[in-house]
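Colleague: Below you'll find the structure I mean.
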Amino acid sequence: MSPEIPAKADAVIVGGSIAGLAAAFALCRQGLTVACLERDATPMPEDHHAAWERWRRDGAGQTRHSHILLAPLVNSIKAELPDFFATLLASGAEVLTFRDIADNTFEAPEFEPDDDRIEFLACRRVVFEFLLRRHLLESLSVAEFTFMSGADVRRLRTVPDGNGQRVAGVTVKTPGGVADIDAGIVVDASGRNSRADRWLVAAGAEPAPREDHPCGIFYTSRFYRLRDGAVYPPLNGRQSLTGGVAGVDLGYVKAGVFRSDNRTFSITLAADPEDEPLRPIAREREFDVASRLIAASRPWVDEAVSTPISKVYLYGNLSNSRRRYFVDGRPLVAGLFAVGDASVHTNPLAGRGCALAWVSAFELADVLGDESDPVQRAAAFEARNERRIVPWYEYQVDRDREAIAVNKALQRGEDPFDFTRPDGSIDEDLYRRVILRKGLRFAAREDVRILRLLFRQVSLLDPPGATDEHADLAAVVLKGYERSKTEPEARPGRAEFIAALNGRVGTGG
Ligand SMILES: Cc1cc2nc3c(=O)[nH]c(=O)nc-3n(C[C@H](O)[C@H](O)[C@H](O)COP(=O)(O)OP(=O)(O)OC[C@H]3O[C@@H](n4cnc5c(N)ncnc54)[C@H](O)[C@@H]3O)c2cc1C
């Protein structure tokens with residue numbers, strides 16, 4: 001049963017998913033009282049197994065999609081919430097490490113001390129969220145933390161403040177009626193479909209400017225459990241697409257295998273929503289055909305190894321998006337902040353959402369601890385987001401633009417990596433990108449330094465683009481590119497893949 005609605009709190013958090021929970025913890029730790037309001041009315045299940053089976057989290061449509069949880073989140077949980085980390089492990093979550101993956105890849109790799117920080121949490125998202133919420137409910141006092149489910153925030157309440165406005169609280173609708181909560185801080189953690197724009201306009205403020213750039217994919221996920229006696233196929237750097245994820249990018253389809261908790265894993269296939277012949281991969285039969293056809297996923301779906309435990313989930317309409325709550329040097333409304341997907345959402349294939357949400361929640365708490373002036377707080381939070389979050393958004397927009405161009409060229413039957421123009425001249429920019437793309441991938445199979453660079457970047461431990469800046473490794477990358485020319489093309493090709501989906505024979509690669 002949900003607790004009574006508090007009449008006031010230092011901070012109201014709108015949304016009780018990963019970003020909202022991270023913000024709740026971080027703000028409570030700063031000594032603030034927090035009311036976290038979650039629209040979904042579904043009660044907490046008895047344990048994490050039941051959470052997977054029956055917890056409805058319709059407000060976060062990605063709850064049952066493949067997730068990998070990246071290093072900043074794992075490192076922070078270990079340091080800031082050691083009891084929760086112990087709970088995760090005791091509940092069947094696993095930590096995958098760069099060291100293990102490098103050991104599976106090379107004879108005797110040389111490690112560096114900082115390699116310990118390159119780690120991933122393998123845990124179904126619904127299990128992670130359930131355990132996190134339960135941990136906060138059990139470890140924070142009722143005086144400092146209230147979590148209300150079935151609480152739909154309908155309105156932002158503001159009062160005039162100088163030339164602008166500042167937050168006075170929210171109006172919330174619950175099964176018991178409509179109520180006001182007074183708060184000087186409101187944190188929008190209501191996800192990528194945040195309605196903050198409507199609240200701002202209704203409060204007489206400017207709407208938050210929003211940018212959207214297509215990811216160029218729809219995303220499908222299916223979960224599996226290892227059969228008794230079976231073991232996970234090894235992860236090694238020859239296959240890894242996203243750090244701890246075994247995968248392949250075939251250009252027209254991207255496939256990833258995500259290890260999870262309790263002997264489960266999931267497979268994600270992603271393709272262009274406009275590529276009609278590939279849309280059937282969202283159906284069970286075609287998903288299975290595709291998973292068996294792709295070399296990276298084939299050993300995982302072998303009938304002797306695993307059995308499906310879910311249907312195929314589909315998530316469409318994906319874009320990289322960013323909302324700005326700080327415009328022309330001022331907050332739209334003082335005291336209103338956004339964390340997680342409500343602020344920045346990036347292509348889920350890169351697996352950054354939870355980690356970036358976590359980082360921005362902790363940055364917000366630090367800012368609230370350091371600054372008391374509302375405008376200074378807004379400016380300081382904006383500066384931290386610009387440094388730690390926004391570069392990943394901008395990087396992903398560029399990567400997706402490139403990936404979409406590659407995919408569209410493949411659909412037209414062209415070679416997307418042909419950098420020679422019809423007049424014989426070289427497209428220098430494309431040449432550089434092809435060398436990096438192909439060269440890095442091949443070099444990572446042979447040189448632990450390159451594998452480390454890729455993993456550090458994927459893990460958000462180095463800034464985006466850091467892999468391009470190691471002049472001392474340029475020769476290794478170039479050699480990797482030369483070697484890539486002698487390797488057979490990644491298979492299956494698009495035509496072969498589509499034929500197999502349609503029931504005509506395909507052998508895969
Ligand atoms: C298909 C897919 C795959 C992904 N894979 C990964 C991955 O591998 N790794 C990773 O780190 N991230 C991944 N992400 C992103 C990740 O799930 C999110 O970034 C993360 O959950 C943080 O989201 P959030 O808490 O900001 O928002 P959400 O999880 O979307 O939650 C928003 C919450 O706000 C509630 N809410 C909305 N409106 C109101 C309101 N008015 N009042 C009260 N409550 C409200 C909703 O019910 C919901 O619970 C993926 C995303 C997608 C779409």
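Numbering starts fresh at 1 for the residues of each chain in the structure tokens, the chains themselves are lettered A, B, ... in the order given, and ligands are numbered from 1 as they appear.
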Could you give me, as a ChimeraX atom specification, every polymer residue with an atom at most 7 Å away from an atom of ligand 1, counting only C-alpha atoms and all ligand atoms?
Modeller: /A:14-20,37-40,57-63,65-70,151-154,189-192,194-195,219,315,339-342,345,348-355,357
Colleague: May I have the residues from that selection written out with N, CA and C atoms, as a compact mmCIF listing (two decimals), in the first residue's frame?
Modeller:
# COMPACT_ATOMS: atom_id res chain seq x y z
N VAL A 14 9.63 13.42 -10.05
CA VAL A 14 8.54 12.94 -10.90
C VAL A 14 9.04 11.72 -11.66
N GLY A 15 8.57 10.53 -11.31
CA GLY A 15 9.02 9.30 -11.96
C GLY A 15 9.89 8.50 -11.01
N GLY A 16 9.50 7.24 -10.82
CA GLY A 16 10.23 6.40 -9.87
C GLY A 16 10.95 5.26 -10.56
N SER A 17 11.52 5.54 -11.73
CA SER A 17 12.28 4.51 -12.44
C SER A 17 13.77 4.68 -12.09
N ILE A 18 14.66 4.29 -12.98
CA ILE A 18 16.09 4.31 -12.60
C ILE A 18 16.57 5.72 -12.26
N ALA A 19 16.25 6.69 -13.13
CA ALA A 19 16.72 8.06 -12.88
C ALA A 19 16.10 8.61 -11.60
N GLY A 20 14.80 8.37 -11.42
CA GLY A 20 14.12 8.89 -10.24
C GLY A 20 14.66 8.28 -8.96
N LEU A 37 7.40 10.32 -6.89
CA LEU A 37 6.04 10.04 -7.33
C LEU A 37 6.07 9.24 -8.63
N GLU A 38 5.49 8.07 -8.62
CA GLU A 38 5.52 7.19 -9.78
C GLU A 38 4.09 6.92 -10.24
N ARG A 39 3.86 7.17 -11.53
CA ARG A 39 2.50 7.06 -12.06
C ARG A 39 1.98 5.62 -12.05
N ASP A 40 2.85 4.66 -12.39
CA ASP A 40 2.40 3.26 -12.45
C ASP A 40 1.86 2.84 -11.08
N ARG A 57 5.22 -2.58 -15.56
CA ARG A 57 5.83 -1.24 -15.52
C ARG A 57 5.57 -0.56 -16.85
N ASP A 58 4.26 -0.38 -17.13
CA ASP A 58 3.89 0.16 -18.44
C ASP A 58 4.46 1.55 -18.69
N GLY A 59 4.71 2.28 -17.61
CA GLY A 59 5.24 3.65 -17.76
C GLY A 59 6.67 3.67 -18.29
N ALA A 60 7.36 2.56 -18.21
CA ALA A 60 8.73 2.47 -18.76
C ALA A 60 8.73 1.29 -19.74
N GLY A 61 8.39 1.59 -20.98
CA GLY A 61 8.16 0.53 -21.99
C GLY A 61 9.37 -0.34 -22.25
N GLN A 62 10.55 0.11 -21.82
CA GLN A 62 11.78 -0.66 -22.09
C GLN A 62 12.09 -1.65 -20.98
N THR A 63 11.19 -1.74 -19.99
CA THR A 63 11.50 -2.55 -18.80
C THR A 63 11.91 -3.98 -19.15
N HIS A 65 13.25 -5.01 -22.02
CA HIS A 65 14.18 -5.07 -23.15
C HIS A 65 15.59 -5.32 -22.62
N SER A 66 16.44 -5.80 -23.53
CA SER A 66 17.85 -6.06 -23.17
C SER A 66 18.48 -4.81 -22.57
N HIS A 67 19.22 -4.99 -21.50
CA HIS A 67 19.97 -3.89 -20.90
C HIS A 67 21.35 -4.39 -20.48
N ILE A 68 22.36 -3.55 -20.70
CA ILE A 68 23.66 -3.74 -20.05
C ILE A 68 23.87 -2.49 -19.20
N LEU A 69 24.43 -2.65 -18.03
CA LEU A 69 24.58 -1.50 -17.14
C LEU A 69 26.08 -1.18 -17.05
N LEU A 70 26.42 0.04 -17.41
CA LEU A 70 27.82 0.37 -17.69
C LEU A 70 28.61 0.82 -16.46
N ALA A 151 0.82 7.64 -8.48
CA ALA A 151 0.82 9.10 -8.29
C ALA A 151 1.22 9.78 -9.60
N ASP A 152 0.25 10.34 -10.27
CA ASP A 152 0.47 10.94 -11.59
C ASP A 152 0.60 12.45 -11.44
N VAL A 153 1.78 12.97 -11.69
CA VAL A 153 1.99 14.42 -11.55
C VAL A 153 1.31 15.10 -12.74
N ARG A 154 0.41 16.02 -12.43
CA ARG A 154 -0.37 16.66 -13.47
C ARG A 154 0.06 18.10 -13.75
N ALA A 189 12.04 13.26 -13.71
CA ALA A 189 12.68 11.97 -14.05
C ALA A 189 11.62 11.10 -14.69
N SER A 190 10.78 11.76 -15.52
CA SER A 190 9.62 11.03 -16.05
C SER A 190 9.88 10.44 -17.43
N GLY A 191 11.15 10.38 -17.84
CA GLY A 191 11.49 9.62 -19.03
C GLY A 191 11.36 10.41 -20.32
N ARG A 192 11.58 9.70 -21.42
CA ARG A 192 11.67 10.39 -22.71
C ARG A 192 10.33 10.98 -23.14
N SER A 194 8.40 12.69 -21.23
CA SER A 194 8.08 13.70 -20.19
C SER A 194 7.06 14.72 -20.70
N ARG A 195 6.16 15.11 -19.81
CA ARG A 195 5.18 16.13 -20.18
C ARG A 195 5.56 17.49 -19.60
N TYR A 219 13.89 -1.80 -32.15
CA TYR A 219 14.69 -2.60 -31.22
C TYR A 219 13.83 -3.77 -30.76
N TYR A 315 10.36 -2.37 -29.52
CA TYR A 315 10.36 -0.96 -29.17
C TYR A 315 10.68 -0.18 -30.44
N VAL A 339 16.62 14.87 -14.99
CA VAL A 339 17.68 13.85 -15.04
C VAL A 339 17.19 12.68 -15.89
N GLY A 340 18.13 11.88 -16.36
CA GLY A 340 17.76 10.68 -17.11
C GLY A 340 17.18 11.04 -18.47
N ASP A 341 16.32 10.16 -18.96
CA ASP A 341 15.82 10.29 -20.32
C ASP A 341 14.99 11.55 -20.53
N ALA A 342 14.41 12.11 -19.48
CA ALA A 342 13.65 13.35 -19.64
C ALA A 342 14.57 14.47 -20.12
N HIS A 345 18.20 11.42 -24.01
CA HIS A 345 18.00 10.00 -24.31
C HIS A 345 18.85 9.68 -25.54
N PRO A 348 19.51 3.28 -27.60
CA PRO A 348 19.68 2.23 -26.59
C PRO A 348 20.72 1.19 -26.96
N LEU A 349 21.07 1.09 -28.24
CA LEU A 349 22.10 0.10 -28.62
C LEU A 349 23.41 0.39 -27.90
N ALA A 350 23.65 1.64 -27.57
CA ALA A 350 24.89 1.98 -26.89
C ALA A 350 24.81 1.71 -25.38
N GLY A 351 23.62 1.44 -24.89
CA GLY A 351 23.46 1.00 -23.50
C GLY A 351 23.87 2.01 -22.44
N ARG A 352 23.69 3.29 -22.75
CA ARG A 352 24.22 4.29 -21.80
C ARG A 352 23.18 4.87 -20.86
N GLY A 353 21.88 4.63 -21.15
CA GLY A 353 20.82 5.39 -20.48
C GLY A 353 20.88 5.34 -18.96
N CYS A 354 20.97 4.15 -18.41
CA CYS A 354 20.93 4.04 -16.94
C CYS A 354 22.16 4.68 -16.33
N ALA A 355 23.33 4.45 -16.95
CA ALA A 355 24.56 5.01 -16.38
C ALA A 355 24.54 6.53 -16.45
N ALA A 357 21.89 8.42 -16.58
CA ALA A 357 20.86 8.88 -15.63
C ALA A 357 21.46 8.93 -14.23
Colleague: Which residues of range 179-239 of chain A come within 12 Å of range 255-268 of chain A, and for each one, what is the closest pair of atoms and their distance in Å to one decimal, counting only C-alpha atoms, sorted by chain and residue number, as a tab-separated table?
Modeller:
residue	atom	partner	partner_atom	distance
A:Ile217	CA	A:Thr268	CA	11.6
A:Phe218	CA	A:Thr268	CA	10.2
A:Tyr219	CA	A:Thr268	CA	6.8
A:Thr220	CA	A:Thr268	CA	5.3
A:Ser221	CA	A:Thr268	CA	4.4
A:Arg222	CA	A:Ser266	CA	5.4
A:Phe223	CA	A:Ser266	CA	4.1
A:Tyr224	CA	A:Phe265	CA	5.4
A:Arg225	CA	A:Thr264	CA	4.2
A:Leu226	CA	A:Arg263	CA	5.5
A:Arg227	CA	A:Arg263	CA	8.5
A:Asp228	CA	A:Arg263	CA	9.4
A:Gly229	CA	A:Arg263	CA	10.6
A:Ala230	CA	A:Arg263	CA	9.3
A:Val231	CA	A:Arg263	CA	8.4
A:Tyr232	CA	A:Arg263	CA	8.0
A:Pro233	CA	A:Arg259	CA	9.9
A:Pro234	CA	A:Arg259	CA	10.4
A:Leu235	CA	A:Arg259	CA	9.4
A:Gln239	CA	A:Gly256	CA	9.7
Colleague: Suppose you want the space between CA of Val248 in chain A and CA of Asn236 in chain A; what is it in Å?
Modeller: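 Distance between the two atoms: 12.4 Å.
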Colleague: Mind checking DSSP for range 225-441 of chain A and telling me the strand (DSSP E) residues as a VMD selection string?
Modeller: chain A and resid 225 to 226 240 to 242 245 to 249 253 to 259 264 to 271 306 to 308 313 to 315 319 to 323 326 to 327 330 to 331 336 to 338 344 to 345
Colleague: Put those residues in a file: N, CA and C atoms, as a short mmCIF file (atom, residue, chain, number, x, y, z; two decimals), in the first residue's frame.
Modeller:
data_model
loop_
_atom_site.label_atom_id
_atom_site.label_comp_id
_atom_site.auth_asym_id
_atom_site.auth_seq_id
_atom_site.Cartn_x
_atom_site.Cartn_y
_atom_site.Cartn_z
N ARG A 225 16.77 -18.64 -20.85
CA ARG A 225 17.46 -19.15 -19.66
C ARG A 225 18.33 -20.33 -20.08
N LEU A 226 19.53 -20.43 -19.47
CA LEU A 226 20.40 -21.58 -19.78
C LEU A 226 19.73 -22.86 -19.29
N SER A 240 32.83 -8.72 -29.31
CA SER A 240 32.07 -7.75 -28.52
C SER A 240 31.77 -6.49 -29.28
N LEU A 241 30.48 -6.15 -29.25
CA LEU A 241 30.04 -4.94 -29.94
C LEU A 241 29.98 -3.79 -28.96
N THR A 242 29.40 -4.04 -27.80
CA THR A 242 29.24 -2.99 -26.79
C THR A 242 29.81 -3.49 -25.48
N VAL A 245 28.68 -6.88 -24.18
CA VAL A 245 27.66 -7.49 -25.04
C VAL A 245 28.34 -8.18 -26.21
N ALA A 246 27.99 -9.45 -26.44
CA ALA A 246 28.53 -10.14 -27.62
C ALA A 246 27.67 -9.75 -28.80
N GLY A 247 28.26 -9.30 -29.85
CA GLY A 247 27.38 -8.87 -30.93
C GLY A 247 28.08 -8.64 -32.23
N VAL A 248 27.28 -8.19 -33.19
CA VAL A 248 27.82 -7.89 -34.50
C VAL A 248 26.97 -6.79 -35.13
N ASP A 249 27.64 -5.92 -35.88
CA ASP A 249 26.91 -4.92 -36.64
C ASP A 249 27.07 -5.27 -38.11
N VAL A 253 21.44 -5.00 -40.10
CA VAL A 253 20.89 -5.48 -38.84
C VAL A 253 22.01 -5.49 -37.80
N LYS A 254 21.64 -5.17 -36.57
CA LYS A 254 22.61 -5.20 -35.48
C LYS A 254 22.10 -6.23 -34.48
N ALA A 255 23.02 -7.07 -33.98
CA ALA A 255 22.60 -8.12 -33.06
C ALA A 255 23.46 -8.05 -31.81
N GLY A 256 22.83 -8.22 -30.66
CA GLY A 256 23.59 -8.23 -29.41
C GLY A 256 23.06 -9.31 -28.49
N VAL A 257 23.99 -9.95 -27.77
CA VAL A 257 23.60 -10.94 -26.76
C VAL A 257 24.00 -10.37 -25.42
N PHE A 258 23.01 -10.22 -24.53
CA PHE A 258 23.24 -9.58 -23.23
C PHE A 258 23.15 -10.63 -22.14
N ARG A 259 24.29 -10.91 -21.49
CA ARG A 259 24.21 -11.79 -20.32
C ARG A 259 23.44 -11.10 -19.21
N THR A 264 20.13 -16.18 -17.00
CA THR A 264 19.34 -15.71 -18.13
C THR A 264 20.22 -14.87 -19.04
N PHE A 265 19.74 -14.64 -20.23
CA PHE A 265 20.37 -13.69 -21.15
C PHE A 265 19.29 -13.24 -22.13
N SER A 266 19.60 -12.22 -22.88
CA SER A 266 18.64 -11.80 -23.90
C SER A 266 19.36 -11.52 -25.20
N ILE A 267 18.59 -11.59 -26.26
CA ILE A 267 19.13 -11.24 -27.58
C ILE A 267 18.34 -10.06 -28.10
N THR A 268 19.06 -9.11 -28.65
CA THR A 268 18.42 -7.96 -29.30
C THR A 268 18.81 -7.93 -30.77
N LEU A 269 17.81 -7.73 -31.60
CA LEU A 269 18.05 -7.49 -33.01
C LEU A 269 17.47 -6.12 -33.33
N ALA A 270 18.20 -5.34 -34.09
CA ALA A 270 17.72 -4.00 -34.43
C ALA A 270 17.91 -3.76 -35.91
N ALA A 271 16.91 -3.14 -36.51
CA ALA A 271 17.01 -2.85 -37.95
C ALA A 271 16.28 -1.55 -38.24
N SER A 306 19.99 -23.31 -24.30
CA SER A 306 19.04 -22.39 -23.65
C SER A 306 17.62 -22.62 -24.15
N THR A 307 16.70 -22.01 -23.42
CA THR A 307 15.30 -22.07 -23.83
C THR A 307 14.68 -20.68 -23.64
N PRO A 308 13.81 -20.23 -24.55
CA PRO A 308 13.24 -18.88 -24.41
C PRO A 308 12.35 -18.78 -23.18
N TYR A 313 9.87 -8.81 -27.57
CA TYR A 313 9.37 -7.46 -27.29
C TYR A 313 9.87 -6.51 -28.37
N LEU A 314 9.03 -5.55 -28.71
CA LEU A 314 9.38 -4.58 -29.76
C LEU A 314 9.35 -3.17 -29.19
N TYR A 315 10.36 -2.37 -29.52
CA TYR A 315 10.36 -0.96 -29.17
C TYR A 315 10.68 -0.18 -30.44
N SER A 319 14.57 7.75 -30.96
CA SER A 319 15.39 8.88 -31.41
C SER A 319 16.32 9.31 -30.28
N ASN A 320 17.41 9.95 -30.67
CA ASN A 320 18.26 10.61 -29.68
C ASN A 320 17.58 11.94 -29.39
N SER A 321 17.30 12.21 -28.14
CA SER A 321 16.58 13.46 -27.88
C SER A 321 17.20 14.18 -26.69
N ARG A 322 17.02 15.48 -26.73
CA ARG A 322 17.57 16.32 -25.66
C ARG A 322 16.61 17.48 -25.41
N ARG A 323 16.28 17.69 -24.15
CA ARG A 323 15.48 18.87 -23.76
C ARG A 323 16.37 19.82 -22.98
N PHE A 326 17.50 25.09 -19.40
CA PHE A 326 18.33 26.24 -19.07
C PHE A 326 18.61 26.93 -20.41
N VAL A 327 18.02 28.11 -20.60
CA VAL A 327 18.09 28.76 -21.92
C VAL A 327 18.54 30.21 -21.73
N ARG A 330 19.58 31.30 -18.24
CA ARG A 330 18.63 31.28 -17.11
C ARG A 330 17.82 29.98 -17.14
N PRO A 331 17.41 29.52 -15.97
CA PRO A 331 16.49 28.36 -15.97
C PRO A 331 15.11 28.79 -16.46
N LEU A 336 13.50 23.78 -11.13
CA LEU A 336 13.11 22.61 -11.94
C LEU A 336 14.36 22.04 -12.62
N PHE A 337 14.62 20.75 -12.42
CA PHE A 337 15.77 20.08 -13.02
C PHE A 337 15.28 18.82 -13.70
N ALA A 338 16.04 18.33 -14.67
CA ALA A 338 15.67 17.07 -15.31
C ALA A 338 16.87 16.13 -15.30
N VAL A 344 18.15 13.78 -21.48
CA VAL A 344 18.89 13.28 -22.64
C VAL A 344 18.62 11.79 -22.81
N HIS A 345 18.20 11.42 -24.01
CA HIS A 345 18.00 10.00 -24.31
C HIS A 345 18.85 9.68 -25.54
#
Colleague: With distances taken over only C-alpha atoms, which of A:Arg494, A:Arg377, A:Arg133, A:Arg54 is nearest to Ile294 in chain A?
Modeller: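 With only C-alpha atoms as the atom set, the closest residue is A:Arg494.
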Colleague: Could you pull out the residues in range 245-447 of chain A that DSSP calls helix (DSSP H, G or I) from the backbone, as number ranges by chain?
Modeller: A: 276-282, 284-293, 298-301, 340-342, 348-350, 353-370, 374-388, 390-411, 428-446
Colleague: Pull C-alpha atoms from the residues just selected and write them as a compact mmCIF listing (two decimals), in the first residue's frame.
Modeller:
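Produced file part_1.txt, reproduced below:
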# COMPACT_ATOMS: atom_id res chain seq x y z
CA GLU A 276 10.27 -3.46 -44.94
CA PRO A 277 11.78 -6.94 -45.57
CA LEU A 278 13.45 -6.84 -42.14
CA ARG A 279 10.39 -5.86 -40.12
CA PRO A 280 9.39 -9.51 -39.57
CA ILE A 281 12.34 -9.99 -37.17
CA ALA A 282 9.97 -8.61 -34.54
CA GLU A 284 8.90 -14.96 -32.98
CA ARG A 285 9.58 -17.33 -35.89
CA GLU A 286 11.66 -14.84 -37.86
CA PHE A 287 13.48 -13.69 -34.71
CA ASP A 288 14.50 -17.29 -34.07
CA VAL A 289 15.60 -17.79 -37.66
CA ALA A 290 17.68 -14.63 -37.49
CA SER A 291 19.26 -15.50 -34.11
CA ARG A 292 20.37 -18.86 -35.48
CA LEU A 293 21.68 -17.32 -38.67
CA ARG A 298 23.94 -18.88 -32.78
CA PRO A 299 25.74 -20.74 -29.94
CA TRP A 300 23.49 -19.05 -27.38
CA VAL A 301 20.21 -20.22 -28.92
CA GLY A 340 17.76 10.68 -17.11
CA ASP A 341 15.82 10.29 -20.32
CA ALA A 342 13.65 13.35 -19.64
CA PRO A 348 19.68 2.23 -26.59
CA LEU A 349 22.10 0.10 -28.62
CA ALA A 350 24.89 1.98 -26.89
CA GLY A 353 20.82 5.39 -20.48
CA CYS A 354 20.93 4.04 -16.94
CA ALA A 355 24.56 5.01 -16.38
CA LEU A 356 24.05 8.55 -17.68
CA ALA A 357 20.86 8.88 -15.63
CA TRP A 358 22.83 7.78 -12.59
CA VAL A 359 25.66 10.22 -13.26
CA SER A 360 23.33 13.18 -13.78
CA ALA A 361 21.35 12.36 -10.61
CA PHE A 362 24.55 12.41 -8.53
CA GLU A 363 25.76 15.58 -10.27
CA LEU A 364 22.45 17.23 -9.37
CA ALA A 365 22.81 16.24 -5.74
CA ASP A 366 26.35 17.66 -5.64
CA VAL A 367 25.18 20.92 -7.16
CA LEU A 368 22.32 21.23 -4.66
CA GLY A 369 24.83 20.63 -1.88
CA ASP A 370 27.33 23.18 -3.23
CA PRO A 374 18.49 28.95 -7.58
CA VAL A 375 19.99 30.49 -10.73
CA GLN A 376 23.53 29.47 -9.76
CA ARG A 377 22.27 25.95 -9.13
CA ALA A 378 20.69 25.81 -12.57
CA ALA A 379 23.84 27.17 -14.21
CA ALA A 380 26.11 24.76 -12.35
CA PHE A 381 23.94 21.74 -13.19
CA GLU A 382 23.81 22.81 -16.83
CA ALA A 383 27.62 23.08 -16.89
CA ARG A 384 28.02 19.58 -15.42
CA ASN A 385 25.53 18.11 -17.89
CA GLU A 386 27.35 19.83 -20.73
CA ARG A 387 30.57 18.22 -19.58
CA ARG A 388 29.43 14.70 -18.68
CA VAL A 390 25.71 16.10 -23.60
CA PRO A 391 28.94 15.00 -25.39
CA TRP A 392 27.53 11.46 -25.49
CA TYR A 393 24.32 12.74 -27.01
CA GLU A 394 26.19 14.68 -29.70
CA TYR A 395 28.51 11.77 -30.38
CA GLN A 396 25.57 9.38 -30.78
CA VAL A 397 23.73 11.73 -33.13
CA ASP A 398 26.81 11.67 -35.40
CA ARG A 399 27.30 7.89 -35.09
CA ASP A 400 23.64 7.27 -35.94
CA ARG A 401 23.80 9.60 -38.92
CA GLU A 402 26.70 7.50 -40.22
CA ALA A 403 25.03 4.18 -39.40
CA ILE A 404 21.85 5.25 -41.19
CA ALA A 405 23.89 6.20 -44.27
CA VAL A 406 25.64 2.79 -44.22
CA ASN A 407 22.33 0.98 -43.83
CA LYS A 408 20.59 2.94 -46.62
CA ALA A 409 23.53 2.27 -48.98
CA LEU A 410 23.32 -1.46 -48.24
CA GLN A 411 19.57 -1.39 -48.94
CA GLU A 428 39.14 11.78 -47.37
CA ASP A 429 36.57 12.00 -44.61
CA LEU A 430 34.98 8.67 -45.51
CA TYR A 431 38.45 7.12 -45.92
CA ARG A 432 39.39 8.17 -42.39
CA ARG A 433 36.14 6.82 -40.95
CA VAL A 434 36.42 3.51 -42.81
CA ILE A 435 39.97 3.01 -41.55
CA LEU A 436 38.89 3.73 -38.00
CA ARG A 437 35.76 1.58 -38.17
CA LYS A 438 37.35 -1.46 -39.76
CA GLY A 439 40.88 -0.93 -38.47
CA LEU A 440 39.92 -0.52 -34.82
CA ARG A 441 37.75 -3.62 -34.89
CA PHE A 442 40.47 -5.78 -36.35
CA ALA A 443 43.26 -4.27 -34.28
CA ALA A 444 41.28 -4.93 -31.10
CA ARG A 445 41.53 -8.64 -31.81
CA GLU A 446 45.30 -8.48 -31.79
Colleague: Figure out the distance between CA of Ser343 in chain A and CA of Asp188 in chain A, please, to one decimal in Å.
Modeller: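 Distance between the two atoms: 8.2 Å.
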Colleague: Give me the residues near Trp52 in chain A as a list of chain:residue names, where near means some atom within 10 Å (using only C-alpha atoms) and where sequence neighbours in that chain fewer than 5 positions away do not count.
Modeller: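 Selected residues are A:Pro45, A:Asp47, A:Thr63, A:Arg64, A:Arg124, A:Arg125, A:Val126, A:Val127, A:Phe130.
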Colleague: Please, could you write that set of residues out with C-alpha atoms as a PDB file, in the first residue's frame?
Modeller:
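That gives us selection.pdb:
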ATOM      1  CA  PRO A  45       5.995  -7.894  -6.113  1.00  0.00           C
ATOM      2  CA  ASP A  47      10.738 -10.710  -4.844  1.00  0.00           C
ATOM      3  CA  THR A  63      11.496  -2.549 -18.802  1.00  0.00           C
ATOM      4  CA  ARG A  64      11.627  -5.937 -20.504  1.00  0.00           C
ATOM      5  CA  ARG A 124      17.607  -7.837 -16.259  1.00  0.00           C
ATOM      6  CA  ARG A 125      16.418  -4.275 -16.000  1.00  0.00           C
ATOM      7  CA  VAL A 126      13.182  -5.173 -14.256  1.00  0.00           C
ATOM      8  CA  VAL A 127      15.150  -7.120 -11.649  1.00  0.00           C
ATOM      9  CA  PHE A 130      12.858  -3.826  -8.365  1.00  0.00           C
TER      10      PHE A 130
END
Colleague: For the atom pair CA of Ile389 in chain A and CA of Asp197 in chain A, what is the interatomic distance in Å to one decimal place?
Modeller: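 Taking CA of Ile389 in chain A as the start and CA of Asp197 in chain A as the end point, the length is 20.9 Å.
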Colleague: Find the residues around Leu453 in chain A up to 9 Å (only C-alpha atoms counted), leave out those fewer than 3 positions away in its own chain, and share them as number ranges by chain.
Modeller: A: 444, 448-450, 456-458, 462, 466-467
Colleague: Smallest atom-to-atom distance to Leu318 in chain A: which of A:Ala86, A:Ala203, A:Met148, A:Cys215, using only C-alpha atoms?
Modeller: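 Nearest candidate to Leu318 in chain A out of A:Ala86, A:Ala203, A:Met148, A:Cys215: A:Cys215.
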Colleague: So, counting only C-alpha atoms, which residue among A:Phe417, A:Phe497, A:Phe84, A:Trp55 is closest to Thr42 in chain A?
Modeller: A:Trp55
Colleague: Nearest residue to Ala51 in chain A out of A:Ser425, A:Phe128, A:Pro273, A:Ala22, using only C-alpha atoms?
Modeller: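 Among the listed residues, A:Phe128 lies closest to Ala51 in chain A.
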